[in-house]
>>> print(open('data_36.csv').read())   # CSV, C-alpha atoms and all ligand atoms
chain,number,residue,atom,x,y,z
A,1,MET,CA,79.4,4.7,101.1
A,2,SER,CA,82.5,6.7,102.0
A,3,ALA,CA,82.9,10.3,100.7
A,4,PRO,CA,85.0,10.7,97.6
A,5,THR,CA,88.7,11.3,98.3
A,6,ASP,CA,90.0,14.7,97.3
A,7,PRO,CA,93.1,13.9,95.2
A,8,GLY,CA,94.9,17.2,96.1
A,9,ALA,CA,94.3,17.0,99.8
A,10,LEU,CA,97.0,16.4,102.3
A,11,PRO,CA,96.5,15.3,105.9
A,12,GLY,CA,97.1,18.8,107.2
A,13,ASP,CA,94.6,20.4,104.8
A,14,PRO,CA,91.5,21.9,106.5
A,15,ALA,CA,88.2,20.2,106.0
A,16,GLY,CA,85.7,21.9,103.7
A,17,GLY,CA,86.7,23.0,100.3
A,18,ALA,CA,88.6,20.7,97.9
A,19,THR,CA,92.2,21.2,97.1
A,20,THR,CA,93.7,20.8,93.6
A,21,VAL,CA,97.3,21.1,92.5
A,22,VAL,CA,98.0,21.8,88.8
A,23,VAL,CA,101.5,21.8,87.6
A,24,HIS,CA,102.3,23.6,84.3
A,25,PRO,CA,105.5,23.2,82.3
A,26,ASP,CA,106.7,26.8,82.7
A,27,ALA,CA,105.8,30.2,84.0
A,28,ALA,CA,104.4,31.5,80.7
A,29,THR,CA,102.0,28.6,80.4
A,30,LEU,CA,101.0,29.0,84.0
A,31,ALA,CA,100.1,32.7,83.4
A,32,GLU,CA,98.1,31.9,80.3
A,33,ALA,CA,96.2,29.1,82.0
A,34,ALA,CA,95.5,31.1,85.1
A,35,ALA,CA,94.2,33.9,83.0
A,36,ALA,CA,91.9,31.6,81.0
A,37,ARG,CA,90.7,30.0,84.3
A,38,LEU,CA,89.9,33.5,85.7
A,39,VAL,CA,87.8,34.4,82.7
A,40,VAL,CA,85.7,31.3,83.2
A,41,ALA,CA,85.4,31.8,87.0
A,42,LEU,CA,84.2,35.4,86.5
A,43,LEU,CA,81.8,34.3,83.8
A,44,ASP,CA,80.4,31.6,86.0
A,45,ALA,CA,80.0,34.0,88.9
A,46,GLN,CA,78.2,36.5,86.7
A,47,ALA,CA,75.9,33.8,85.2
A,48,ALA,CA,75.0,32.7,88.8
A,49,ARG,CA,74.7,36.1,90.5
A,50,GLY,CA,74.9,38.8,87.9
A,51,GLU,CA,78.2,40.0,89.3
A,52,ALA,CA,81.6,38.8,90.5
A,53,ALA,CA,84.1,39.8,93.1
A,54,LEU,CA,87.8,39.2,92.7
A,55,VAL,CA,90.6,39.8,95.2
A,56,LEU,CA,93.9,40.9,93.5
A,57,THR,CA,97.4,40.2,94.6
A,58,GLY,CA,100.8,41.8,93.9
A,59,GLY,CA,104.1,40.2,93.2
A,60,SER,CA,106.0,38.9,90.2
A,61,VAL,CA,103.7,36.1,89.0
A,62,ALA,CA,100.6,38.3,89.2
A,63,ALA,CA,102.0,40.7,86.7
A,64,HIS,CA,102.3,37.9,84.2
A,65,VAL,CA,98.8,36.7,84.9
A,66,TYR,CA,97.4,40.2,84.5
A,67,GLY,CA,99.3,40.6,81.2
A,68,ALA,CA,98.0,37.3,79.9
A,69,LEU,CA,94.4,38.3,80.9
A,70,ALA,CA,94.8,41.7,79.2
A,71,ARG,CA,95.7,39.8,76.0
A,72,HIS,CA,93.2,37.0,76.3
A,73,ARG,CA,90.5,37.1,73.6
A,74,ALA,CA,87.8,35.8,75.8
A,75,ARG,CA,88.2,38.6,78.4
A,76,THR,CA,85.6,40.6,76.5
A,77,ALA,CA,83.0,37.9,77.4
A,78,VAL,CA,83.2,39.2,81.0
A,79,ASP,CA,81.0,42.2,81.9
A,80,TRP,CA,83.8,44.1,83.6
A,81,SER,CA,81.4,46.8,84.8
A,82,ARG,CA,79.9,44.2,87.1
A,83,VAL,CA,83.2,43.0,88.6
A,84,ASP,CA,84.2,44.2,92.1
A,85,LEU,CA,88.0,44.3,92.6
A,86,TRP,CA,89.5,44.2,96.0
A,87,TRP,CA,93.1,43.8,97.0
A,88,GLY,CA,94.6,41.2,99.3
A,89,ASP,CA,97.4,43.5,100.4
A,90,GLU,CA,99.1,46.7,99.6
A,91,ARG,CA,102.4,48.3,100.1
A,92,PHE,CA,101.6,51.5,102.1
A,93,LEU,CA,103.1,54.0,99.8
A,94,PRO,CA,101.9,57.2,98.1
A,95,ALA,CA,99.3,56.8,95.4
A,96,GLY,CA,100.8,56.0,92.0
A,97,HIS,CA,104.1,54.7,93.5
A,98,PRO,CA,105.5,52.1,91.2
A,99,ASP,CA,105.8,49.6,94.1
A,100,ARG,CA,102.2,49.7,95.0
A,101,ASN,CA,100.3,46.6,94.0
A,102,GLU,CA,97.5,48.8,92.8
A,103,THR,CA,99.9,50.6,90.4
A,104,GLN,CA,101.1,47.3,89.0
A,105,ALA,CA,97.6,46.0,88.5
A,106,ARG,CA,96.3,49.1,86.8
A,107,ALA,CA,99.2,49.3,84.4
A,108,ALA,CA,99.2,45.6,83.5
A,109,LEU,CA,95.4,45.1,83.3
A,110,LEU,CA,92.9,47.4,84.8
A,111,ASP,CA,93.6,50.5,82.7
A,112,GLY,CA,92.5,48.5,79.6
A,113,LEU,CA,89.3,47.1,81.0
A,114,PRO,CA,85.8,48.8,81.0
A,115,LEU,CA,85.5,48.7,84.8
A,116,ASP,CA,83.1,50.6,86.9
A,117,PRO,CA,85.5,52.9,89.0
A,118,GLY,CA,83.1,52.6,91.9
A,119,ARG,CA,83.8,48.8,92.0
A,120,VAL,CA,87.6,49.2,92.1
A,121,HIS,CA,88.4,49.2,95.8
A,122,ALA,CA,92.1,50.0,96.1
A,123,MET,CA,93.6,50.0,99.5
A,124,PRO,CA,94.4,53.5,100.9
A,125,ALA,CA,97.7,55.1,100.1
A,126,SER,CA,100.1,56.7,102.6
A,127,ASP,CA,99.2,60.1,101.2
A,128,GLY,CA,95.4,59.3,101.4
A,129,PRO,CA,92.8,60.4,103.9
A,130,ASP,CA,94.5,58.8,106.8
A,131,GLY,CA,98.0,60.1,106.0
A,132,GLU,CA,100.8,57.9,107.2
A,133,ASP,CA,98.7,56.0,109.6
A,134,PRO,CA,98.4,52.4,108.4
A,135,GLU,CA,96.2,51.3,111.3
A,136,ALA,CA,93.6,54.0,110.3
A,137,ALA,CA,94.0,53.1,106.6
A,138,ALA,CA,93.4,49.4,107.4
A,139,ALA,CA,90.3,50.3,109.5
A,140,ARG,CA,89.1,52.4,106.5
A,141,TYR,CA,89.4,49.4,104.2
A,142,ALA,CA,87.7,47.1,106.7
A,143,ALA,CA,84.8,49.6,106.8
A,144,ALA,CA,84.6,49.6,103.0
A,145,LEU,CA,84.4,45.8,103.0
A,146,ALA,CA,81.7,45.8,105.6
A,147,ALA,CA,79.7,48.5,103.7
A,148,ALA,CA,79.9,46.4,100.5
A,149,GLY,CA,78.9,43.3,102.4
A,150,GLY,CA,76.0,44.8,104.3
A,151,GLY,CA,77.8,44.7,107.6
A,152,ARG,CA,79.7,41.5,106.9
A,153,LEU,CA,82.5,40.7,104.5
A,154,PRO,CA,81.3,40.7,100.9
A,155,ARG,CA,81.4,37.5,99.0
A,156,PHE,CA,84.7,36.9,97.2
A,157,ASP,CA,84.5,34.5,94.3
A,158,VAL,CA,88.2,34.2,93.9
A,159,VAL,CA,91.2,35.4,95.9
A,160,LEU,CA,94.4,35.5,93.9
A,161,LEU,CA,97.6,35.0,95.9
A,162,GLY,CA,101.3,34.9,95.1
A,163,ILE,CA,103.6,33.5,97.7
A,164,GLY,CA,107.0,34.7,98.8
A,165,PRO,CA,110.2,32.5,99.2
A,166,ASP,CA,109.5,32.6,102.9
A,167,ALA,CA,105.9,31.2,102.3
A,168,HIS,CA,104.2,34.6,103.0
A,169,VAL,CA,100.9,35.3,101.4
A,170,ALA,CA,99.4,38.8,100.9
A,171,SER,CA,101.4,40.7,103.6
A,172,VAL,CA,101.0,37.9,106.2
A,173,PHE,CA,104.6,37.0,107.0
A,174,PRO,CA,105.9,34.0,109.0
A,175,ASP,CA,106.3,34.8,112.7
A,176,HIS,CA,105.5,38.4,112.1
A,177,PRO,CA,102.9,40.3,114.1
A,178,LEU,CA,99.6,41.6,112.8
A,179,ASP,CA,96.2,41.9,114.3
A,180,ALA,CA,94.6,38.6,113.2
A,181,GLY,CA,91.4,39.6,115.1
A,182,LEU,CA,90.7,42.3,112.5
A,183,THR,CA,89.5,41.7,109.0
A,184,VAL,CA,92.2,44.1,107.7
A,185,SER,CA,95.5,44.7,109.6
A,186,ALA,CA,98.3,47.1,109.3
A,187,VAL,CA,101.8,45.5,109.1
A,188,ARG,CA,104.8,47.3,110.4
A,189,ASP,CA,108.5,46.4,110.0
A,190,SER,CA,107.7,43.9,107.3
A,191,PRO,CA,110.7,41.6,106.5
A,192,LYS,CA,110.2,42.5,102.8
A,193,PRO,CA,110.3,46.1,101.7
A,194,PRO,CA,108.5,48.4,102.0
A,195,PRO,CA,108.2,48.0,105.8
A,196,THR,CA,104.7,49.3,106.1
A,197,ARG,CA,101.8,47.4,104.6
A,198,ILE,CA,98.1,46.7,104.8
A,199,THR,CA,96.7,43.2,104.5
A,200,LEU,CA,93.6,41.1,104.6
A,201,THR,CA,94.1,38.7,107.5
A,202,LEU,CA,94.0,34.9,107.0
A,203,PRO,CA,90.4,34.5,108.4
A,204,THR,CA,89.3,37.2,105.9
A,205,LEU,CA,91.1,35.5,102.9
A,206,ASN,CA,89.5,32.2,104.0
A,207,THR,CA,86.0,33.5,103.5
A,208,ALA,CA,86.5,33.3,99.7
A,209,ASP,CA,84.8,30.7,97.6
A,210,GLU,CA,88.0,29.9,95.9
A,211,VAL,CA,91.6,30.7,96.8
A,212,TRP,CA,94.2,30.4,94.0
A,213,LEU,CA,97.9,30.3,95.0
A,214,ILE,CA,99.8,31.0,91.8
A,215,VAL,CA,103.5,30.3,92.0
A,216,ALA,CA,106.4,30.1,89.6
A,217,GLY,CA,110.1,29.7,89.9
A,218,ARG,CA,112.6,27.4,91.6
A,219,GLU,CA,113.2,30.1,94.3
A,220,LYS,CA,109.6,29.4,95.5
A,221,ALA,CA,109.9,25.6,95.6
A,222,GLY,CA,110.9,25.4,99.2
A,223,ALA,CA,108.0,27.7,100.2
A,224,VAL,CA,105.5,25.6,98.3
A,225,GLY,CA,106.9,22.4,99.8
A,226,LEU,CA,106.8,23.8,103.3
A,227,ALA,CA,103.3,25.1,102.9
A,228,ARG,CA,102.1,21.8,101.6
A,229,SER,CA,103.9,19.8,104.3
A,230,GLY,CA,101.5,20.7,107.1
A,231,ALA,CA,103.7,23.4,108.6
A,232,SER,CA,101.9,25.8,111.1
A,233,ALA,CA,100.3,29.0,109.9
A,234,ALA,CA,102.9,30.9,111.8
A,235,LYS,CA,105.7,29.2,109.9
A,236,ALA,CA,104.1,29.1,106.5
A,237,PRO,CA,101.1,31.4,106.1
A,238,ALA,CA,100.6,30.1,102.6
A,239,GLY,CA,99.6,26.7,103.9
A,240,ALA,CA,96.8,28.2,106.0
A,241,VAL,CA,94.8,29.8,103.2
A,242,HIS,CA,92.0,27.8,101.8
A,243,GLY,CA,88.8,28.5,99.9
A,244,ARG,CA,85.4,27.5,101.3
A,245,VAL,CA,84.7,25.7,98.0
A,246,ARG,CA,88.1,25.1,96.5
A,247,THR,CA,91.8,25.9,97.0
A,248,ARG,CA,93.9,25.7,93.8
A,249,TRP,CA,97.6,25.5,93.8
A,250,LEU,CA,98.6,26.6,90.3
A,251,LEU,CA,102.3,26.0,89.8
A,252,ASP,CA,105.0,25.8,87.2
A,253,ARG,CA,107.3,22.8,87.3
A,254,ASP,CA,110.1,24.7,89.0
A,255,ALA,CA,107.8,25.8,91.9
A,256,ALA,CA,106.5,22.3,92.3
A,257,ALA,CA,110.0,20.8,92.5
A,258,GLU,CA,109.8,20.2,96.3
A,259,LEU,CA,106.3,18.9,96.4
A,260,ARG,CA,106.1,15.4,97.8
A,301,LIG,O1,105.2,41.9,98.5
A,301,LIG,C1,104.5,41.1,98.1
A,301,LIG,O2,104.9,39.8,97.8
A,301,LIG,C2,104.1,38.7,97.5
A,301,LIG,C3,104.9,37.7,96.7
A,301,LIG,O3,105.5,38.4,95.6
A,301,LIG,P1,106.5,37.8,94.7
A,301,LIG,O4,107.1,38.9,93.9
A,301,LIG,O5,107.6,37.1,95.5
A,301,LIG,O6,105.8,36.8,93.8
A,301,LIG,C4,102.8,39.2,96.9
A,301,LIG,O7,101.9,38.1,96.8
A,301,LIG,C5,102.2,40.3,97.7
A,301,LIG,O8,100.9,40.7,97.1
A,301,LIG,C6,103.1,41.5,97.7
A,301,LIG,O9,102.6,42.6,98.4
>>> encode(input="data_36.csv", output="C-alpha cells")
Amino acid sequence: MSAPTDPGALPGDPAGGATTVVVHPDAATLAEAAAARLVVALLDAQAARGEAALVLTGGSVAAHVYGALARHRARTAVDWSRVDLWWGDERFLPAGHPDRNETQARAALLDGLPLDPGRVHAMPASDGPDGEDPEAAAARYAAALAAAGGGRLPRFDVVLLGIGPDAHVASVFPDHPLDAGLTVSAVRDSPKPPPTRITLTLPTLNTADEVWLIVAGREKAGAVGLARSGASAAKAPAGAVHGRVRTRWLLDRDAAAELR
C-alpha cells in the first residue's frame, strides 16, 4: 500500500514532516485562529511532557497574533510558568528599544502572562554583556540554547515565523551572508533596518517539531508564491524552513493570492 499523500506538499518540499496550508479570509481571522491554535499546541506539549517550548518571531503579523493570544479566554488553560520562550531573531539594539522583537512581544503579550522569568530567553541587546559585538552575542545565545538542551539544541515545540516581502524569515535574508554552520549567527548589513541582527540559522529552525509561517497582506503574496514554488534557500529562505513533524502555512487570502 502506498503512503498517504500530504495534501499540502509540493514537489520541492523536504521529506519528513507534513505540510499544511490554511487560508483565512482576512488578517484578523488569521491572528485569532493562530492564537487559538497556539493555545492548543502548548497544552498538548504540556500534557505530553509537562512543559512546552515556543520560538517567537517579530514583525507585523506577530504583533496581531500576540494581541489575539493575550485576549484569548483559553490562554489561562496553559501553565505559562512551564513554557520556555526563545526568539528566532532579534534586531541588535539596546534593551527596551521599541524596534526590538523582544520589546514588541513583551508589550503585546508577555507582560500579561504569569511566566517564569528564568524561562524567557531573550536574545542579548547591544548594550548587554557583549556590548556592540553581535558575533559574541550570537555565541552567548548559542551557549544558552546548548545549556538548556544539555549540550544540544533544546526541543522546540513550535517555531513562529513571519516572512518579509523578500521571502526572508527570522533574519535570514535572500543572498545575504551569515554563518550557517552556527546554531545562532550574527547578521551585518541587513537589507532591512536595523542593519545588525542576531538569528537562529535555518538548520536550527528546522529542528523544531512544528514550524508555522504566519503571513498576511497582498505585499507578501509574491514572497509566499516564491517560497512555495521550489525556489532555492538562497533566493527564498522562507521556502527552506520546515518542521520535523509539521510545517504550517497560515495565511490570509491576500497573502495566498499568488499560490498556485
Ligand atoms: O525584521 C523582521 O521581519 C520579519 C518579517 O516582518 P514583517 O513586519 O514584514 O511581518 C520578522 O519575521 C522578523 O522576526 C523581524 O526581525
>>> atom_distance(input="data_36.csv", atom1="atom CA of A:Ala47", atom2="atom CA of A:Val241")
26.4 Å
>>> residues_near_ligand(input="data_36.csv", ligand="ligand LIG 301 (chain A)", cutoff="7 Å", atoms="only C-alpha atoms and all ligand atoms", output="PyMOL selection string")
chain A and resi 57-61+88-91+101+161-165+168-171+192
>>> atom_distance(input="data_36.csv", atom1="atom CA of A:Pro174", atom2="atom CA of A:Asp133")
23.2 Å
>>> residues_around(input="data_36.csv", residues="stretch 184-188 of chain A", least_positions_apart="2", cutoff="7 Å", atoms="all atoms listed in the file", output="number ranges by chain")
A: 134-135, 138-139, 141-142, 178-179, 182, 190, 195-201
>>> closest_residue(input="data_36.csv", among="A:Asp209, A:Glu258, A:Glu132, A:Glu219", to="A:Arg246", atoms="all atoms listed in the file")
A:Asp209
>>> residues_around(input="data_36.csv", residues="A:Pro98", least_positions_apart="5", cutoff="12 Å", atoms="only C-alpha atoms", output="list in words")
Gly58, Glu90, Arg91, Phe92, Leu93, Thr103, Gln104, Ala105, Arg106, Ala107, Ala108 and Pro194 of chain A
>>> write_last_selection(input="data_36.csv", atoms="C-alpha atoms", output="PDB file, in the frame of the given file")
ATOM      1  CA  GLY A  58     100.800  41.800  93.900  1.00  0.00           C
ATOM      2  CA  GLU A  90      99.100  46.700  99.600  1.00  0.00           C
ATOM      3  CA  ARG A  91     102.400  48.300 100.100  1.00  0.00           C
ATOM      4  CA  PHE A  92     101.600  51.500 102.100  1.00  0.00           C
ATOM      5  CA  LEU A  93     103.100  54.000  99.800  1.00  0.00           C
ATOM      6  CA  THR A 103      99.900  50.600  90.400  1.00  0.00           C
ATOM      7  CA  GLN A 104     101.100  47.300  89.000  1.00  0.00           C
ATOM      8  CA  ALA A 105      97.600  46.000  88.500  1.00  0.00           C
ATOM      9  CA  ARG A 106      96.300  49.100  86.800  1.00  0.00           C
ATOM     10  CA  ALA A 107      99.200  49.300  84.400  1.00  0.00           C
ATOM     11  CA  ALA A 108      99.200  45.600  83.500  1.00  0.00           C
ATOM     12  CA  PRO A 194     108.500  48.400 102.000  1.00  0.00           C
TER      13      PRO A 194
END
>>> closest_residue(input="data_36.csv", among="A:Leu205, A:Ala144, A:Val83, A:Leu250", to="A:Leu115", atoms="all atoms listed in the file")
A:Val83
>>> closest_atom_pairs(input="data_36.csv", of="stretch 146-201 of chain A", to="stretch 24-45 of chain A", cutoff="10 Å", atoms="all atoms listed in the file", output="CSV")
residue,atom,partner,partner_atom,distance
A:Phe156,CA,A:Ala45,CA,10.0
A:Asp157,CA,A:Ala45,CA,7.0
A:Val158,CA,A:Ala41,CA,7.8
A:Leu160,CA,A:Leu38,CA,9.6
>>> build_atoms(input="data_36.csv", residues="stretch 220-256 of chain A", atoms="N, CA and C atoms", output="PDB file, in the frame of the given file")
ATOM      1  N   LYS A 220     110.813  29.554  94.692  1.00  0.00           N
ATOM      2  CA  LYS A 220     109.600  29.400  95.500  1.00  0.00           C
ATOM      3  C   LYS A 220     109.334  27.946  95.887  1.00  0.00           C
ATOM      4  N   ALA A 221     110.167  27.039  95.371  1.00  0.00           N
ATOM      5  CA  ALA A 221     109.900  25.600  95.600  1.00  0.00           C
ATOM      6  C   ALA A 221     109.898  25.221  97.044  1.00  0.00           C
ATOM      7  N   GLY A 222     110.835  25.766  97.795  1.00  0.00           N
ATOM      8  CA  GLY A 222     110.900  25.400  99.200  1.00  0.00           C
ATOM      9  C   GLY A 222     109.674  25.916  99.958  1.00  0.00           C
ATOM     10  N   ALA A 223     109.209  27.105  99.592  1.00  0.00           N
ATOM     11  CA  ALA A 223     108.000  27.700 100.200  1.00  0.00           C
ATOM     12  C   ALA A 223     106.779  26.826  99.921  1.00  0.00           C
ATOM     13  N   VAL A 224     106.664  26.407  98.668  1.00  0.00           N
ATOM     14  CA  VAL A 224     105.500  25.600  98.300  1.00  0.00           C
ATOM     15  C   VAL A 224     105.584  24.240  99.042  1.00  0.00           C
ATOM     16  N   GLY A 225     106.773  23.649  99.070  1.00  0.00           N
ATOM     17  CA  GLY A 225     106.900  22.400  99.800  1.00  0.00           C
ATOM     18  C   GLY A 225     106.593  22.513 101.259  1.00  0.00           C
ATOM     19  N   LEU A 226     107.068  23.604 101.868  1.00  0.00           N
ATOM     20  CA  LEU A 226     106.800  23.800 103.300  1.00  0.00           C
ATOM     21  C   LEU A 226     105.300  24.012 103.531  1.00  0.00           C
ATOM     22  N   ALA A 227     104.683  24.860 102.702  1.00  0.00           N
ATOM     23  CA  ALA A 227     103.300  25.100 102.900  1.00  0.00           C
ATOM     24  C   ALA A 227     102.412  23.894 102.714  1.00  0.00           C
ATOM     25  N   ARG A 228     102.845  22.998 101.843  1.00  0.00           N
ATOM     26  CA  ARG A 228     102.100  21.800 101.600  1.00  0.00           C
ATOM     27  C   ARG A 228     102.499  20.624 102.509  1.00  0.00           C
ATOM     28  N   SER A 229     103.398  20.926 103.471  1.00  0.00           N
ATOM     29  CA  SER A 229     103.900  19.800 104.300  1.00  0.00           C
ATOM     30  C   SER A 229     103.141  19.793 105.660  1.00  0.00           C
ATOM     31  N   GLY A 230     102.166  20.706 105.846  1.00  0.00           N
ATOM     32  CA  GLY A 230     101.500  20.700 107.100  1.00  0.00           C
ATOM     33  C   GLY A 230     102.134  21.613 108.148  1.00  0.00           C
ATOM     34  N   ALA A 231     103.060  22.486 107.712  1.00  0.00           N
ATOM     35  CA  ALA A 231     103.700  23.400 108.600  1.00  0.00           C
ATOM     36  C   ALA A 231     102.640  24.362 109.233  1.00  0.00           C
ATOM     37  N   SER A 232     102.922  24.932 110.382  1.00  0.00           N
ATOM     38  CA  SER A 232     101.900  25.800 111.100  1.00  0.00           C
ATOM     39  C   SER A 232     101.716  27.071 110.270  1.00  0.00           C
ATOM     40  N   ALA A 233     100.575  27.713 110.564  1.00  0.00           N
ATOM     41  CA  ALA A 233     100.300  29.000 109.900  1.00  0.00           C
ATOM     42  C   ALA A 233     101.320  30.030 110.227  1.00  0.00           C
ATOM     43  N   ALA A 234     101.886  29.964 111.425  1.00  0.00           N
ATOM     44  CA  ALA A 234     102.900  30.900 111.800  1.00  0.00           C
ATOM     45  C   ALA A 234     104.174  30.771 110.966  1.00  0.00           C
ATOM     46  N   LYS A 235     104.527  29.521 110.668  1.00  0.00           N
ATOM     47  CA  LYS A 235     105.700  29.200 109.900  1.00  0.00           C
ATOM     48  C   LYS A 235     105.526  29.389 108.401  1.00  0.00           C
ATOM     49  N   ALA A 236     104.351  29.038 107.940  1.00  0.00           N
ATOM     50  CA  ALA A 236     104.100  29.100 106.500  1.00  0.00           C
ATOM     51  C   ALA A 236     102.623  29.534 106.283  1.00  0.00           C
ATOM     52  N   PRO A 237     102.425  30.854 106.316  1.00  0.00           N
ATOM     53  CA  PRO A 237     101.100  31.400 106.100  1.00  0.00           C
ATOM     54  C   PRO A 237     100.399  30.825 104.853  1.00  0.00           C
ATOM     55  N   ALA A 238     101.187  30.563 103.817  1.00  0.00           N
ATOM     56  CA  ALA A 238     100.600  30.100 102.600  1.00  0.00           C
ATOM     57  C   ALA A 238      99.870  28.764 102.719  1.00  0.00           C
ATOM     58  N   GLY A 239     100.302  27.980 103.692  1.00  0.00           N
ATOM     59  CA  GLY A 239      99.600  26.700 103.900  1.00  0.00           C
ATOM     60  C   GLY A 239      98.331  26.809 104.658  1.00  0.00           C
ATOM     61  N   ALA A 240      98.038  28.008 105.147  1.00  0.00           N
ATOM     62  CA  ALA A 240      96.800  28.200 106.000  1.00  0.00           C
ATOM     63  C   ALA A 240      95.732  28.918 105.272  1.00  0.00           C
ATOM     64  N   VAL A 241      95.905  29.169 103.975  1.00  0.00           N
ATOM     65  CA  VAL A 241      94.800  29.800 103.200  1.00  0.00           C
ATOM     66  C   VAL A 241      94.072  28.712 102.440  1.00  0.00           C
ATOM     67  N   HIS A 242      92.761  28.827 102.460  1.00  0.00           N
ATOM     68  CA  HIS A 242      92.000  27.800 101.800  1.00  0.00           C
ATOM     69  C   HIS A 242      90.610  28.423 101.433  1.00  0.00           C
ATOM     70  N   GLY A 243      90.108  28.079 100.265  1.00  0.00           N
ATOM     71  CA  GLY A 243      88.800  28.500  99.900  1.00  0.00           C
ATOM     72  C   GLY A 243      87.707  27.674 100.492  1.00  0.00           C
ATOM     73  N   ARG A 244      86.526  28.263 100.696  1.00  0.00           N
ATOM     74  CA  ARG A 244      85.400  27.500 101.300  1.00  0.00           C
ATOM     75  C   ARG A 244      84.984  26.384 100.307  1.00  0.00           C
ATOM     76  N   VAL A 245      85.089  26.675  99.006  1.00  0.00           N
ATOM     77  CA  VAL A 245      84.700  25.700  98.000  1.00  0.00           C
ATOM     78  C   VAL A 245      85.913  24.967  97.430  1.00  0.00           C
ATOM     79  N   ARG A 246      86.955  25.734  97.118  1.00  0.00           N
ATOM     80  CA  ARG A 246      88.100  25.100  96.500  1.00  0.00           C
ATOM     81  C   ARG A 246      89.363  25.943  96.736  1.00  0.00           C
ATOM     82  N   THR A 247      90.470  25.237  96.911  1.00  0.00           N
ATOM     83  CA  THR A 247      91.800  25.900  97.000  1.00  0.00           C
ATOM     84  C   THR A 247      92.579  25.308  95.792  1.00  0.00           C
ATOM     85  N   ARG A 248      93.117  26.197  94.995  1.00  0.00           N
ATOM     86  CA  ARG A 248      93.900  25.700  93.800  1.00  0.00           C
ATOM     87  C   ARG A 248      95.330  26.179  93.956  1.00  0.00           C
ATOM     88  N   TRP A 249      96.208  25.232  93.878  1.00  0.00           N
ATOM     89  CA  TRP A 249      97.600  25.500  93.800  1.00  0.00           C
ATOM     90  C   TRP A 249      97.976  25.433  92.293  1.00  0.00           C
ATOM     91  N   LEU A 250      98.282  26.559  91.697  1.00  0.00           N
ATOM     92  CA  LEU A 250      98.600  26.600  90.300  1.00  0.00           C
ATOM     93  C   LEU A 250     100.079  26.945  90.163  1.00  0.00           C
ATOM     94  N   LEU A 251     100.836  25.970  89.734  1.00  0.00           N
ATOM     95  CA  LEU A 251     102.300  26.000  89.800  1.00  0.00           C
ATOM     96  C   LEU A 251     102.939  25.832  88.481  1.00  0.00           C
ATOM     97  N   ASP A 252     104.175  26.327  88.355  1.00  0.00           N
ATOM     98  CA  ASP A 252     105.000  25.800  87.200  1.00  0.00           C
ATOM     99  C   ASP A 252     105.868  24.707  87.780  1.00  0.00           C
ATOM    100  N   ARG A 253     106.528  24.020  86.860  1.00  0.00           N
ATOM    101  CA  ARG A 253     107.300  22.800  87.300  1.00  0.00           C
ATOM    102  C   ARG A 253     108.360  23.151  88.279  1.00  0.00           C
ATOM    103  N   ASP A 254     109.000  24.317  88.102  1.00  0.00           N
ATOM    104  CA  ASP A 254     110.100  24.700  89.000  1.00  0.00           C
ATOM    105  C   ASP A 254     109.521  24.900  90.446  1.00  0.00           C
ATOM    106  N   ALA A 255     108.378  25.580  90.540  1.00  0.00           N
ATOM    107  CA  ALA A 255     107.800  25.800  91.900  1.00  0.00           C
ATOM    108  C   ALA A 255     107.322  24.560  92.531  1.00  0.00           C
ATOM    109  N   ALA A 256     107.038  23.549  91.720  1.00  0.00           N
ATOM    110  CA  ALA A 256     106.500  22.300  92.300  1.00  0.00           C
ATOM    111  C   ALA A 256     107.665  21.297  92.602  1.00  0.00           C
TER     112      ALA A 256
END
